[in-house]
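The next block is entry-v5.txt, given as compact mmCIF, C-alpha atoms (C1' of nucleotides).
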```txt
# COMPACT_ATOMS: atom_id res chain seq x y z
CA MET A 1 -5.46 -30.49 17.55
CA LEU A 2 -5.49 -27.97 14.70
CA ARG A 3 -5.03 -29.58 11.33
CA GLU A 4 -1.75 -28.60 9.75
CA ASP A 5 -3.00 -28.84 6.18
CA VAL A 6 -5.69 -26.27 6.96
CA THR A 7 -3.14 -23.99 8.58
CA GLU A 8 -0.96 -24.26 5.52
CA ALA A 9 -3.85 -23.54 3.18
CA ILE A 10 -4.59 -20.38 5.13
CA ARG A 11 -0.97 -19.25 5.02
CA ALA A 12 -0.87 -19.72 1.27
CA ALA A 13 -4.17 -17.88 0.88
CA VAL A 14 -2.84 -14.93 2.86
CA PHE A 15 0.09 -14.58 0.47
CA GLY A 16 -2.29 -14.82 -2.42
CA GLU A 17 -4.63 -12.19 -1.07
CA LEU A 18 -1.75 -9.96 -0.04
CA ALA A 19 -0.41 -10.02 -3.57
CA ALA A 20 -3.81 -9.68 -5.19
CA VAL A 21 -5.45 -6.90 -3.18
CA GLY A 22 -2.90 -5.76 -0.61
CA TYR A 23 -2.97 -5.62 3.15
CA ALA A 24 -5.50 -2.83 3.45
CA ARG A 25 -8.12 -4.46 1.26
CA MET A 26 -7.46 -7.97 2.50
CA SER A 27 -10.32 -9.46 4.51
CA ILE A 28 -10.60 -12.52 6.70
CA GLU A 29 -13.58 -13.60 4.66
CA GLY A 30 -11.54 -13.35 1.50
CA ILE A 31 -8.70 -15.38 2.98
CA ALA A 32 -11.06 -18.13 4.14
CA ARG A 33 -12.76 -18.14 0.76
CA ARG A 34 -9.46 -18.46 -1.11
CA ALA A 35 -8.20 -21.13 1.27
CA GLY A 36 -11.46 -23.04 0.99
CA VAL A 37 -11.97 -23.06 4.74
CA GLY A 38 -14.44 -21.55 7.18
CA LYS A 39 -13.84 -18.25 8.89
CA THR A 40 -13.82 -20.16 12.17
CA ALA A 41 -10.67 -22.00 11.12
CA VAL A 42 -8.88 -18.70 10.69
CA TYR A 43 -10.09 -17.09 13.89
CA ARG A 44 -9.19 -20.24 15.79
CA ARG A 45 -5.55 -19.63 14.85
CA TRP A 46 -5.10 -15.88 14.72
CA ARG A 47 -6.93 -13.10 16.48
CA SER A 48 -6.82 -10.68 13.58
CA LYS A 49 -5.49 -9.82 10.17
CA LEU A 50 -2.57 -8.03 11.81
CA HIS A 51 -1.51 -11.02 13.90
CA LEU A 52 -1.73 -13.22 10.86
CA VAL A 53 0.52 -11.06 8.75
CA LEU A 54 2.97 -10.41 11.56
CA ASP A 55 3.25 -14.15 12.04
CA LEU A 56 3.99 -14.73 8.37
CA VAL A 57 6.53 -11.94 8.14
CA SER A 58 8.34 -13.17 11.23
CA ALA A 59 8.38 -16.71 9.88
CA ILE A 60 10.05 -15.56 6.68
CA ALA A 61 12.56 -13.47 8.58
CA VAL A 62 13.74 -16.54 10.46
CA GLN A 63 14.77 -18.32 7.29
CA GLY A 64 17.60 -15.93 6.54
CA LEU A 65 19.77 -15.76 3.47
CA PRO A 66 23.03 -17.59 2.85
CA ALA A 67 25.98 -15.31 3.55
CA PRO A 68 28.35 -15.11 0.59
CA ASP A 69 32.04 -15.52 1.36
CA THR A 70 34.01 -15.67 -1.85
CA GLY A 71 37.07 -13.92 -0.52
CA THR A 72 36.67 -10.77 -2.61
CA LEU A 73 34.36 -7.80 -2.38
CA GLU A 74 33.32 -8.12 -6.01
CA GLY A 75 32.61 -11.81 -5.64
CA ASP A 76 30.48 -11.33 -2.54
CA LEU A 77 28.54 -8.48 -4.11
CA ARG A 78 27.90 -10.42 -7.26
CA LEU A 79 26.50 -13.35 -5.30
CA LEU A 80 24.35 -11.08 -3.16
CA TYR A 81 22.90 -9.42 -6.24
CA GLU A 82 22.24 -12.73 -7.91
CA VAL A 83 20.18 -13.91 -4.96
CA THR A 84 18.31 -10.69 -4.22
CA SER A 85 17.60 -10.01 -7.86
CA ARG A 86 15.95 -13.38 -8.21
CA ALA A 87 14.06 -12.97 -4.93
CA LEU A 88 12.84 -9.46 -5.69
CA ARG A 89 11.63 -10.41 -9.10
CA HIS A 90 9.44 -13.20 -7.77
CA PRO A 91 5.89 -11.97 -8.47
CA VAL A 92 4.69 -12.54 -4.93
CA ALA A 93 7.62 -10.64 -3.44
CA SER A 94 7.33 -7.75 -5.86
CA GLN A 95 3.68 -7.27 -4.95
CA VAL A 96 3.81 -8.02 -1.25
CA VAL A 97 6.99 -6.20 -0.29
CA PRO A 98 6.00 -2.70 -1.39
CA ASP A 99 2.55 -3.22 0.04
CA LEU A 100 3.74 -4.11 3.52
CA GLN A 101 6.36 -1.44 3.12
CA ALA A 102 3.65 1.16 2.60
CA GLU A 103 1.56 -0.27 5.41
CA ALA A 104 4.52 -0.03 7.75
CA ALA A 105 4.38 3.73 7.42
CA ARG A 106 1.11 3.60 9.35
CA ASN A 107 1.46 0.53 11.55
CA PRO A 108 4.39 0.43 13.98
CA GLU A 109 4.05 -3.31 14.57
CA ILE A 110 4.33 -4.08 10.89
CA ALA A 111 7.19 -1.63 10.63
CA GLU A 112 9.05 -3.36 13.40
CA ALA A 113 8.49 -6.84 12.02
CA LEU A 114 9.63 -5.66 8.61
CA GLN A 115 12.70 -3.95 10.01
CA LYS A 116 13.61 -7.11 11.86
CA ALA A 117 13.17 -9.24 8.76
CA LEU A 118 15.30 -6.79 6.84
CA ARG A 119 17.98 -6.68 9.47
CA GLU A 120 18.26 -10.43 9.63
CA GLY A 121 18.04 -10.81 5.88
CA GLN A 122 19.35 -8.41 3.30
CA ALA A 123 20.90 -5.96 5.72
CA GLY A 124 22.55 -8.67 7.77
CA VAL A 125 24.18 -10.25 4.76
CA ALA A 126 25.23 -6.91 3.32
CA ASN A 127 26.77 -5.98 6.61
CA GLY A 128 28.74 -9.21 6.65
CA ILE A 129 30.12 -8.40 3.23
CA VAL A 130 31.17 -4.94 4.37
CA GLU A 131 32.85 -6.29 7.47
CA ALA A 132 34.76 -8.89 5.49
CA ALA A 133 35.90 -6.28 2.98
CA ARG A 134 36.96 -4.02 5.80
CA ALA A 135 38.99 -6.83 7.36
CA ARG A 136 40.68 -7.47 4.04
CA GLY A 137 41.45 -3.80 3.66
CA GLU A 138 39.40 -3.52 0.48
CA ILE A 139 37.45 -0.63 1.93
CA ARG A 140 38.44 1.95 4.52
CA ALA A 141 38.17 0.98 8.17
CA ASP A 142 36.29 4.15 9.00
CA ALA A 143 33.79 3.88 6.14
CA ASP A 144 30.18 4.67 7.06
CA GLY A 145 28.51 1.27 7.42
CA GLU A 146 24.98 2.55 6.93
CA LEU A 147 25.87 4.40 3.78
CA ALA A 148 27.60 1.29 2.51
CA LEU A 149 24.39 -0.68 3.03
CA ASP A 150 22.38 1.95 1.19
CA LEU A 151 24.77 1.86 -1.73
CA MET A 152 24.58 -1.91 -1.91
CA SER A 153 20.84 -2.40 -1.51
CA GLY A 154 19.33 0.72 -3.01
CA PRO A 155 19.95 0.42 -6.73
CA LEU A 156 18.61 -3.09 -7.16
CA TYR A 157 15.55 -2.37 -5.05
CA TRP A 158 14.93 0.81 -6.99
CA ARG A 159 15.06 -1.02 -10.30
CA ALA A 160 13.04 -4.04 -9.26
CA VAL A 161 10.36 -2.39 -7.16
CA VAL A 162 10.16 1.29 -8.08
CA ILE A 163 10.99 1.30 -11.76
CA ARG A 164 9.57 -2.20 -12.01
CA GLY A 165 11.97 -2.91 -14.84
CA PRO A 166 11.37 -6.16 -16.71
CA LYS A 167 14.45 -8.34 -16.47
CA PRO A 168 18.00 -7.38 -15.60
CA PRO A 169 19.68 -7.56 -19.04
CA LYS A 170 22.79 -9.57 -19.66
CA GLY A 171 25.62 -7.55 -18.20
CA TYR A 172 23.57 -5.53 -15.73
CA LEU A 173 24.50 -7.36 -12.57
CA GLU A 174 28.14 -7.41 -13.58
CA SER A 175 28.24 -3.67 -14.18
CA LEU A 176 26.27 -3.03 -11.01
CA THR A 177 28.76 -5.09 -9.06
CA ARG A 178 31.70 -3.23 -10.50
CA ALA A 179 30.14 0.17 -9.91
CA THR A 180 29.09 -0.61 -6.36
CA ALA A 181 32.52 -1.94 -5.47
CA ALA A 182 34.03 1.29 -6.79
CA ALA A 183 31.56 3.28 -4.70
CA LEU A 184 32.42 1.36 -1.56
CA ARG A 185 36.12 1.81 -2.10
CA ALA A 186 35.57 5.54 -2.51
CA LEU A 187 34.07 5.84 0.96
CA MET B 1 -19.31 27.44 -12.05
CA LEU B 2 -17.59 25.17 -9.55
CA ARG B 3 -16.17 27.00 -6.60
CA GLU B 4 -12.40 26.92 -6.62
CA ASP B 5 -12.03 27.08 -2.86
CA VAL B 6 -14.10 23.92 -2.54
CA THR B 7 -12.01 22.20 -5.19
CA GLU B 8 -8.87 23.15 -3.33
CA ALA B 9 -10.24 21.90 -0.02
CA ILE B 10 -10.95 18.54 -1.63
CA ARG B 11 -7.48 18.32 -3.11
CA ALA B 12 -5.91 19.00 0.26
CA ALA B 13 -8.20 16.47 1.91
CA VAL B 14 -7.17 13.81 -0.57
CA PHE B 15 -3.52 14.28 0.33
CA GLY B 16 -4.44 14.10 3.98
CA GLU B 17 -6.43 10.92 3.60
CA LEU B 18 -3.83 9.40 1.34
CA ALA B 19 -1.18 9.96 3.97
CA ALA B 20 -3.39 8.92 6.87
CA VAL B 21 -5.01 5.74 5.61
CA GLY B 22 -3.59 5.08 2.15
CA TYR B 23 -5.20 4.72 -1.24
CA ALA B 24 -6.88 1.40 -0.58
CA ARG B 25 -8.66 2.50 2.57
CA MET B 26 -9.40 5.98 1.33
CA SER B 27 -13.10 6.68 0.76
CA ILE B 28 -15.01 9.46 -0.93
CA GLU B 29 -17.00 9.90 2.23
CA GLY B 30 -13.80 10.29 4.22
CA ILE B 31 -12.46 12.87 1.79
CA ALA B 32 -15.65 14.89 1.88
CA ARG B 33 -15.73 14.66 5.66
CA ARG B 34 -12.14 15.88 5.96
CA ALA B 35 -12.68 18.65 3.42
CA GLY B 36 -15.86 19.75 5.16
CA VAL B 37 -17.89 19.44 1.98
CA GLY B 38 -20.72 17.28 0.74
CA LYS B 39 -20.11 14.10 -1.23
CA THR B 40 -21.93 15.76 -4.09
CA ALA B 41 -19.20 18.36 -4.40
CA VAL B 42 -16.66 15.60 -4.92
CA TYR B 43 -18.68 13.58 -7.40
CA ARG B 44 -19.44 16.71 -9.33
CA ARG B 45 -15.72 17.04 -10.06
CA TRP B 46 -14.37 13.52 -10.32
CA ARG B 47 -16.02 10.29 -11.28
CA SER B 48 -14.16 8.12 -8.83
CA LYS B 49 -11.36 7.79 -6.32
CA LEU B 50 -9.07 6.64 -9.12
CA HIS B 51 -9.73 9.68 -11.33
CA LEU B 52 -9.18 11.94 -8.36
CA VAL B 53 -5.80 10.49 -7.52
CA LEU B 54 -4.68 10.28 -11.13
CA ASP B 55 -5.51 13.95 -11.50
CA LEU B 56 -3.45 14.88 -8.46
CA VAL B 57 -0.48 12.77 -9.45
CA SER B 58 -0.47 14.20 -12.95
CA ALA B 59 -0.70 17.72 -11.58
CA ILE B 60 2.37 17.18 -9.45
CA ALA B 61 4.25 15.60 -12.32
CA VAL B 62 3.81 18.74 -14.38
CA GLN B 63 5.64 20.90 -11.86
CA GLY B 64 8.99 19.26 -12.47
CA LEU B 65 12.24 19.75 -10.63
CA PRO B 66 14.96 22.28 -11.33
CA ALA B 67 17.78 20.69 -13.32
CA PRO B 68 21.15 21.20 -11.65
CA ASP B 69 23.97 22.39 -13.87
CA THR B 70 27.00 23.19 -11.77
CA GLY B 71 29.55 22.12 -14.34
CA THR B 72 30.81 19.09 -12.47
CA LEU B 73 29.35 15.64 -11.83
CA GLU B 74 29.89 15.89 -8.10
CA GLY B 75 28.26 19.30 -7.94
CA ASP B 76 25.20 18.19 -9.88
CA LEU B 77 24.82 15.06 -7.78
CA ARG B 78 25.13 16.96 -4.57
CA LEU B 79 22.41 19.37 -5.62
CA LEU B 80 20.14 16.57 -6.77
CA TYR B 81 20.55 14.78 -3.44
CA GLU B 82 19.90 17.93 -1.50
CA VAL B 83 16.59 18.44 -3.23
CA THR B 84 15.37 14.85 -3.29
CA SER B 85 16.43 14.22 0.28
CA ARG B 86 14.34 17.12 1.44
CA ALA B 87 11.42 16.13 -0.75
CA LEU B 88 11.47 12.49 0.26
CA ARG B 89 11.62 13.31 3.90
CA HIS B 90 8.52 15.47 3.76
CA PRO B 91 5.97 13.54 5.85
CA VAL B 92 3.32 13.61 3.17
CA ALA B 93 5.67 12.33 0.51
CA SER B 94 7.10 9.59 2.69
CA GLN B 95 3.61 8.26 3.37
CA VAL B 96 2.02 8.83 0.00
CA VAL B 97 4.82 7.73 -2.30
CA PRO B 98 5.24 4.16 -1.07
CA ASP B 99 1.49 3.79 -0.89
CA LEU B 100 0.88 4.76 -4.49
CA GLN B 101 3.96 2.78 -5.39
CA ALA B 102 2.38 -0.35 -3.89
CA GLU B 103 -0.95 0.42 -5.48
CA ALA B 104 0.72 0.75 -8.86
CA ALA B 105 1.59 -2.93 -8.69
CA ARG B 106 -2.12 -3.66 -9.07
CA ASN B 107 -3.43 -0.72 -11.04
CA PRO B 108 -1.92 -0.08 -14.50
CA GLU B 109 -3.35 3.44 -14.67
CA ILE B 110 -1.72 4.46 -11.42
CA ALA B 111 1.46 2.75 -12.51
CA GLU B 112 1.52 4.72 -15.72
CA ALA B 113 0.82 8.05 -14.04
CA LEU B 114 3.52 7.34 -11.50
CA GLN B 115 6.02 6.32 -14.15
CA LYS B 116 5.30 9.49 -16.05
CA ALA B 117 5.75 11.62 -12.95
CA LEU B 118 8.98 9.83 -12.24
CA ARG B 119 10.24 10.20 -15.77
CA GLU B 120 9.57 13.90 -15.82
CA GLY B 121 10.87 14.41 -12.31
CA GLN B 122 13.66 12.50 -10.65
CA ALA B 123 14.56 10.35 -13.63
CA GLY B 124 14.54 13.26 -16.03
CA VAL B 125 16.86 15.32 -13.91
CA ALA B 126 19.14 12.38 -13.23
CA ASN B 127 19.33 11.67 -16.90
CA GLY B 128 20.29 15.25 -17.60
CA ILE B 129 23.14 14.96 -15.11
CA VAL B 130 24.37 11.78 -16.76
CA GLU B 131 24.25 13.32 -20.21
CA ALA B 132 26.15 16.39 -19.09
CA ALA B 133 28.81 14.26 -17.42
CA ARG B 134 29.06 12.16 -20.53
CA ALA B 135 29.55 15.27 -22.66
CA ARG B 136 32.29 16.47 -20.33
CA GLY B 137 33.96 13.09 -20.49
CA GLU B 138 33.57 12.52 -16.76
CA ILE B 139 31.92 9.18 -17.41
CA ARG B 140 32.30 6.78 -20.30
CA ALA B 141 30.32 7.46 -23.44
CA ASP B 142 29.05 3.89 -23.57
CA ALA B 143 27.99 3.74 -19.93
CA ASP B 144 24.61 2.09 -19.28
CA GLY B 145 22.22 4.97 -18.73
CA GLU B 146 19.61 2.94 -16.89
CA LEU B 147 22.14 1.52 -14.50
CA ALA B 148 23.46 5.02 -13.90
CA LEU B 149 19.97 6.15 -12.93
CA ASP B 150 19.59 3.23 -10.54
CA LEU B 151 22.90 4.02 -8.89
CA MET B 152 21.94 7.66 -8.48
CA SER B 153 18.38 7.24 -7.26
CA GLY B 154 18.41 3.94 -5.41
CA PRO B 155 20.46 4.57 -2.27
CA LEU B 156 18.63 7.71 -1.14
CA TYR B 157 15.23 6.19 -1.80
CA TRP B 158 16.24 3.06 0.06
CA ARG B 159 17.30 5.02 3.09
CA ALA B 160 14.41 7.46 3.15
CA VAL B 161 11.55 5.12 2.29
CA VAL B 162 12.62 1.56 3.01
CA ILE B 163 14.89 1.92 6.00
CA ARG B 164 12.94 5.00 7.01
CA GLY B 165 16.05 6.40 8.60
CA PRO B 166 15.52 9.51 10.73
CA LYS B 167 17.67 12.30 9.33
CA PRO B 168 20.63 12.18 6.99
CA PRO B 169 23.52 12.86 9.41
CA LYS B 170 26.04 15.58 8.78
CA GLY B 171 28.38 14.16 6.17
CA TYR B 172 26.00 11.62 4.69
CA LEU B 173 25.07 13.47 1.52
CA GLU B 174 28.70 14.42 0.91
CA SER B 175 29.89 10.84 1.21
CA LEU B 176 26.98 9.59 -0.86
CA THR B 177 27.87 12.08 -3.57
CA ARG B 178 31.50 11.02 -3.59
CA ALA B 179 30.65 7.32 -3.65
CA THR B 180 28.06 7.65 -6.39
CA ALA B 181 30.40 9.70 -8.55
CA ALA B 182 33.02 6.98 -8.17
CA ALA B 183 30.45 4.37 -9.13
CA LEU B 184 29.43 6.28 -12.24
CA ARG B 185 33.01 6.72 -13.33
CA ALA B 186 33.56 3.00 -12.91
CA LEU B 187 30.85 2.17 -15.44
C1' DC C 1 -35.48 40.81 -9.31
C1' DG C 2 -35.62 36.22 -10.83
C1' DA C 3 -33.56 32.11 -12.67
C1' DC C 4 -29.90 29.05 -12.35
C1' DG C 5 -26.42 26.21 -10.40
C1' DT C 6 -23.53 24.99 -6.61
C1' DC C 7 -23.47 24.36 -1.89
C1' DG C 8 -23.81 21.09 2.56
C1' DG C 9 -26.70 17.70 4.53
C1' DA C 10 -29.50 13.80 4.79
C1' DA C 11 -31.41 9.80 3.23
C1' DC C 12 -31.91 5.98 -0.15
C1' DG C 13 -31.04 0.68 -1.23
C1' DC C 14 -27.16 -2.17 -1.85
C1' DA C 15 -22.93 -4.62 -0.91
C1' DA C 16 -18.99 -6.24 1.78
C1' DC C 17 -16.93 -7.53 6.22
C1' DC C 18 -16.74 -7.47 10.86
C1' DG C 19 -16.40 -10.99 14.93
C1' DT C 20 -19.53 -14.32 17.02
C1' DT C 21 -22.63 -18.12 17.38
C1' DT C 22 -24.93 -22.31 16.08
C1' DC C 23 -25.31 -26.29 13.42
C1' DG C 24 -24.33 -31.10 11.70
C1' DT C 25 -20.32 -33.79 9.90
C1' DC C 26 -16.15 -36.19 10.21
C1' DG C 27 -11.55 -38.05 12.11
C1' DT C 28 -8.95 -39.32 15.86
C1' DC C 29 -7.70 -41.08 20.11
C1' DA C 30 -8.54 -43.71 24.34
C1' DT D 1 -17.27 -47.60 20.39
C1' DG D 2 -17.93 -43.34 22.43
C1' DA D 3 -16.36 -38.72 23.56
C1' DC D 4 -14.05 -34.89 21.93
C1' DG D 5 -12.72 -31.31 19.00
C1' DA D 6 -11.78 -29.29 14.62
C1' DC D 7 -14.11 -28.80 10.45
C1' DG D 8 -17.23 -26.02 6.67
C1' DA D 9 -21.37 -23.60 6.27
C1' DA D 10 -24.67 -20.45 7.44
C1' DA D 11 -26.67 -16.93 9.89
C1' DC D 12 -26.54 -13.21 13.35
C1' DG D 13 -26.65 -7.70 14.13
C1' DG D 14 -23.69 -3.95 13.29
C1' DT D 15 -20.66 -0.88 10.67
C1' DT D 16 -18.91 1.37 6.58
C1' DG D 17 -18.86 2.92 2.09
C1' DC D 18 -20.93 2.88 -2.40
C1' DG D 19 -23.29 6.07 -6.00
C1' DT D 20 -27.66 8.47 -6.36
C1' DT D 21 -31.36 11.45 -5.16
C1' DC D 22 -33.80 15.12 -2.95
C1' DC D 23 -33.79 19.12 -0.12
C1' DG D 24 -33.54 24.13 1.27
C1' DA D 25 -30.04 27.81 1.52
C1' DC D 26 -27.09 30.83 -0.68
C1' DG D 27 -24.64 33.63 -4.48
C1' DT D 28 -24.09 35.19 -8.80
C1' DC D 29 -25.15 36.58 -13.24
C1' DG D 30 -28.28 38.53 -16.65
```
Serialized structure, structure tokens:
Amino acid sequence: MLREDVTEAIRAAVFGELAAVGYARMSIEGIARRAGVGKTAVYRRWRSKLHLVLDLVSAIAVQGLPAPDTGTLEGDLRLLYEVTSRALRHPVASQVVPDLQAEAARNPEIAEALQKALREGQAGVANGIVEAARARGEIRADADGELALDLMSGPLYWRAVVIRGPKPPKGYLESLTRATAAALRAL
Amino acid sequence: MLREDVTEAIRAAVFGELAAVGYARMSIEGIARRAGVGKTAVYRRWRSKLHLVLDLVSAIAVQGLPAPDTGTLEGDLRLLYEVTSRALRHPVASQVVPDLQAEAARNPEIAEALQKALREGQAGVANGIVEAARARGEIRADADGELALDLMSGPLYWRAVVIRGPKPPKGYLESLTRATAAALRAL
DNA sequence: CGACGTCGGAACGCAACCGTTTCGTCGTCA
DNA sequence: TGACGACGAAACGGTTGCGTTCCGACGTCG
């Protein structure tokens, strides 16, 4: 029986390595070293670096985010932004996400796992918000759903990951919420 | 005197390698191999992989984008989206950008070069559009400039790079323009 | 024409990982 | 208590890239 504490140590080490050096530079030896285990312990559980990372990404995807349901478009958006802003600004996320994101451009399996995680996470929640708003008549029934998702997710991701801005200042999320709601209503 | 054709072959090879395997996995040997030159030719020009890439990024940054000035916010936005959509969807860009973007999270020098390129490119143009709209009274004088930039740049980047959507369908850019303009006016 | 410098190519010793194997230790379960 | 299996550690041969050095060929400039 594989020891669970060892498995957990390896998982944690993978996140650490992923954040520190990225997927490309990450080595099994490095993971084992950081986890304080032998290489054998790693290979006994996963066949390769790719399987390891795919496993982790899938595991995260399963968790899912809580779906906001405040009864208004603005309220839902605000809640969504609160959660994603916090999540994206977590140091591990802000290092690991763009790295896997870049890797996905070359590795179809990573791309698929990432897409799935996205679909069941951020995109899934955002879609729920759009559907609810549509049902309430807050946005047009024939509004482009994909474009709506881009409008909702893009700006925050851009700021957090691309611009790598420090903190979202006081009224930022409020203004973003207001602006995005206006954009969605204009569809 | 260093031969310019050799220099150019190396530059092209770097882009190729960057797109094919990414910055982390890219090696001087691989670059020389792809360029059909000796390693010596590379080392004679640049001290390291980092210097090479920084040089290329800076060179691109200098080019700059044409600043739209159509007289209306919607017109400027539409033009901006047309250009960036095409640029982002170029295979080289869509592979190289997220890769350097991820690398920047670990390497301050790359981060700085990238920020500079961004500031003088996309962000600079976007800022010009905002200023013009402000002067015309199309958006509030006290609107948050940074947020405006996020609203303008985020959605397209999200779709092109994160979602990696195929092509922007017929009316996408039009709708995006309309929605973004509404968002900016709601600031 | 001769000197110089770049060229591609090959080799240097060194380091890091690869994935596998072997070892002796330790905990657990029957 | 004895068998089993996972454990960490170390070593295996092989691959890749590092940055440097030497080579002979070629071109250009003075």
For this session: Considering all atoms listed in the file, return as a list in words whatever protein or nucleic-acid residues lie within 10 Å of DC12 (chain C), sequence-local ones (same chain, fewer than 6 positions apart) excluded.
Result: DT20, DT21 and DC22 of chain D
For this session: Please identify all polymer residues within 10 Å of region 70-81 of chain B, counting only C-alpha atoms (C1' of nucleotides), omitting same-chain residues fewer than 6 positions from it, and present them as a ChimeraX atom specification.
Result: /B:87,122,125-126,128-130,132-134,136,138-139,152-153,156,173-182,184-185
Exercise. Suppose you want the space between CA of Ser85 (chain B) and CA of Leu118 (chain A); what is it in Å?
Worked result: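 Atom-to-atom, CA of Ser85 (chain B) and CA of Leu118 (chain A) are spaced 22.0 Å apart.
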Exercise. Which residues, written as number ranges by chain, have at least one atom at most 10 Å from region 23-31 of chain B, with only C-alpha atoms (C1' of nucleotides) counted and residues fewer than 3 positions away on the same chain left out?
Worked result: A: 21-26; B: 9-20, 34-40, 42-43, 48-50, 52-53, 96, 99-100, 102-103; D: 16-18
For this session: Go through D:DC4, D:DG30, D:DC12, D:DG19 one by one, measure the shortest atom-to-atom distance of each to chain B using all atoms listed in the file, and give the residue with the smallest value.
Result: D:DG19
For this session: Give me, please, the distance in Å between CA of Ala104 (chain B) and CA of Ala104 (chain A), quoted to one decimal.
Result: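 So the answer is 17.1 Å.
Interatomic distance, CA of Val62 (chain A) against CA of Glu8 (chain A): 17.3 Å.
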